[in-house]
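final-v5.txt follows (compact mmCIF, C-alpha atoms):
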# COMPACT_ATOMS: atom_id res chain seq x y z
CA ALA A 1 -7.65 17.28 -68.81
CA LEU A 2 -7.68 15.15 -65.63
CA ALA A 3 -9.99 17.63 -63.87
CA LYS A 4 -12.42 17.27 -66.76
CA LYS A 5 -12.00 13.49 -67.01
CA TYR A 6 -12.90 12.96 -63.35
CA ASN A 7 -15.64 15.63 -63.20
CA CYS A 8 -13.75 17.78 -60.69
CA LEU A 9 -15.02 20.87 -62.50
CA THR A 10 -18.57 20.02 -61.44
CA CYS A 11 -17.75 21.32 -57.95
CA HIS A 12 -14.58 23.38 -58.51
CA ALA A 13 -13.48 26.11 -60.90
CA VAL A 14 -10.06 27.64 -61.38
CA ASP A 15 -10.94 31.13 -60.21
CA LYS A 16 -14.34 31.08 -58.51
CA LYS A 17 -16.12 29.15 -55.77
CA VAL A 18 -18.69 26.69 -57.07
CA VAL A 19 -19.67 24.01 -54.53
CA GLY A 20 -16.11 23.71 -53.28
CA PRO A 21 -13.36 26.33 -53.22
CA SER A 22 -11.70 27.57 -56.38
CA TYR A 23 -8.42 25.94 -57.26
CA LYS A 24 -6.71 29.31 -56.78
CA GLU A 25 -8.12 29.46 -53.23
CA VAL A 26 -6.67 26.02 -52.53
CA SER A 27 -3.32 27.07 -53.99
CA THR A 28 -3.26 30.20 -51.82
CA LYS A 29 -4.33 28.33 -48.67
CA TYR A 30 -1.52 25.80 -48.97
CA ALA A 31 1.15 28.06 -50.55
CA GLY A 32 4.68 27.17 -49.52
CA GLN A 33 3.65 23.83 -48.04
CA ASP A 34 4.46 20.35 -49.32
CA VAL A 35 0.87 19.12 -49.52
CA THR A 36 0.93 16.96 -52.63
CA ALA A 37 0.52 13.66 -50.77
CA LYS A 38 -2.05 15.08 -48.33
CA LEU A 39 -4.25 16.65 -51.00
CA ALA A 40 -3.85 13.72 -53.42
CA SER A 41 -5.22 11.50 -50.67
CA LYS A 42 -8.20 13.87 -50.27
CA VAL A 43 -8.85 13.71 -54.02
CA ILE A 44 -9.06 9.91 -53.81
CA LYS A 45 -10.67 9.41 -50.37
CA GLY A 46 -12.73 12.60 -50.10
CA GLY A 47 -12.91 14.69 -46.98
CA SER A 48 -14.67 17.43 -45.11
CA GLY A 49 -14.05 20.48 -42.98
CA ALA A 50 -10.83 21.72 -44.60
CA CYS A 51 -12.50 24.25 -46.91
CA GLY A 52 -16.03 24.58 -45.63
CA PRO A 53 -19.02 22.52 -44.57
CA VAL A 54 -19.69 20.66 -47.84
CA PRO A 55 -17.88 17.30 -47.90
CA MET A 56 -15.85 16.36 -50.96
CA PRO A 57 -16.88 12.92 -52.24
CA ALA A 58 -14.36 10.15 -52.70
CA ASN A 59 -12.95 9.55 -56.18
CA PRO A 60 -11.49 6.03 -55.93
CA GLN A 61 -11.17 5.75 -59.72
CA VAL A 62 -8.38 8.38 -59.66
CA SER A 63 -4.93 6.78 -59.36
CA GLN A 64 -2.36 8.08 -56.89
CA ALA A 65 -0.22 9.37 -59.78
CA GLU A 66 -3.17 11.16 -61.39
CA ALA A 67 -4.19 12.71 -58.07
CA ALA A 68 -0.62 13.96 -57.53
CA THR A 69 -0.62 15.46 -61.03
CA LEU A 70 -3.91 17.23 -60.31
CA VAL A 71 -2.61 18.62 -57.02
CA LYS A 72 0.64 19.83 -58.59
CA TRP A 73 -1.38 21.62 -61.27
CA ILE A 74 -3.68 23.19 -58.66
CA MET A 75 -0.71 24.32 -56.57
CA SER A 76 0.85 25.96 -59.66
CA LEU A 77 -2.13 28.32 -60.03
CA LYS A 78 -1.69 31.87 -58.78

Any chance you could give the structure as structure tokens?
Amino acid sequence: ALAKKYNCLTCHAVDKKVVGPSYKEVSTKYAGQDVTAKLASKVIKGGSGACGPVPMPANPQVSQAEAATLVKWIMSLK
């Protein structure tokens, strides 16, 4: 629901690359790592270079708690 609310699915899909990597790709890339805080910060502040050349825009309207919830959901995908 949060991914829909904040239009994350415009650039990401669960199981296929759109503009950015699929959520399953992200989950696989960071498997076994405690990346909730790191990736939650990227959700809010944006970033570039971690998963390809297209920068991820900032989403300052997403709260820290919501970003952490999104990341935990993404990391649960296999």

Please list as an NGL selection string every residue within 10 Å of Cys8 of chain A, counting all atoms listed in the file and excluding residues in the same chain fewer than 3 positions away.
:A and (2-5 or 11-13 or 20 or 43 or 59 or 70)

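Distance annotation: of A:Ala1, A:Val26, A:Val19, A:Ala67, the residue with the minimal separation from Pro53 of chain A is A:Val19; atom set is all atoms listed in the file.
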
Segment 15-21 of chain A: axis-aligned bounding box, 8 Å on each side, centre and edge lengths in Å, one decimal, as AutoDock Vina command-line options:
--center_x -15.3 --center_y 27.4 --center_z -56.7 --size_x 24.7 --size_y 23.4 --size_z 23.0

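Nearest residue to Pro60 of chain A among A:Lys29, A:Ser22, A:Tyr6, A:Thr36 is A:Tyr6, counting all atoms listed in the file.
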
Pick from A:Ser48, A:Val18, A:Ala37, A:Glu25, whichever lies nearest to Ala65 of chain A using all atoms listed in the file:
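Answer, going by the shortest atom-to-atom distance: A:Ala37.
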
From A:Met75, A:Asn7, A:Ala50, A:Glu66, residue lying nearest Pro21 of chain A [all atoms listed in the file]:
A:Ala50

When you draw a straight line from atom CA of Lys24 of chain A to atom CA of Ile74 of chain A, how long is it in Å?
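Here the two named atoms are 7.1 Å from each other.
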
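If all atoms listed in the file are the atoms counted, then among A:Thr69, A:Ser76, A:Ser41, A:Thr28 the closest residue to Met56 of chain A is A:Ser41.
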
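Minimum atom-to-atom distance to Ile44 of chain A, evaluated using only C-alpha atoms, belongs to A:Gln61 out of A:Trp73, A:Lys16, A:Tyr30, A:Gln61.
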
One-decimal distance in Å that lies between atom CA of Lys78 of chain A and atom CA of Val62 of chain A:
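Calculated distance between atom CA of Val62 of chain A and atom CA of Lys78 of chain A is 24.4 Å.
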
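Atom to atom, atom CA of Leu77 of chain A and atom CA of Lys38 of chain A stand 17.7 Å apart.
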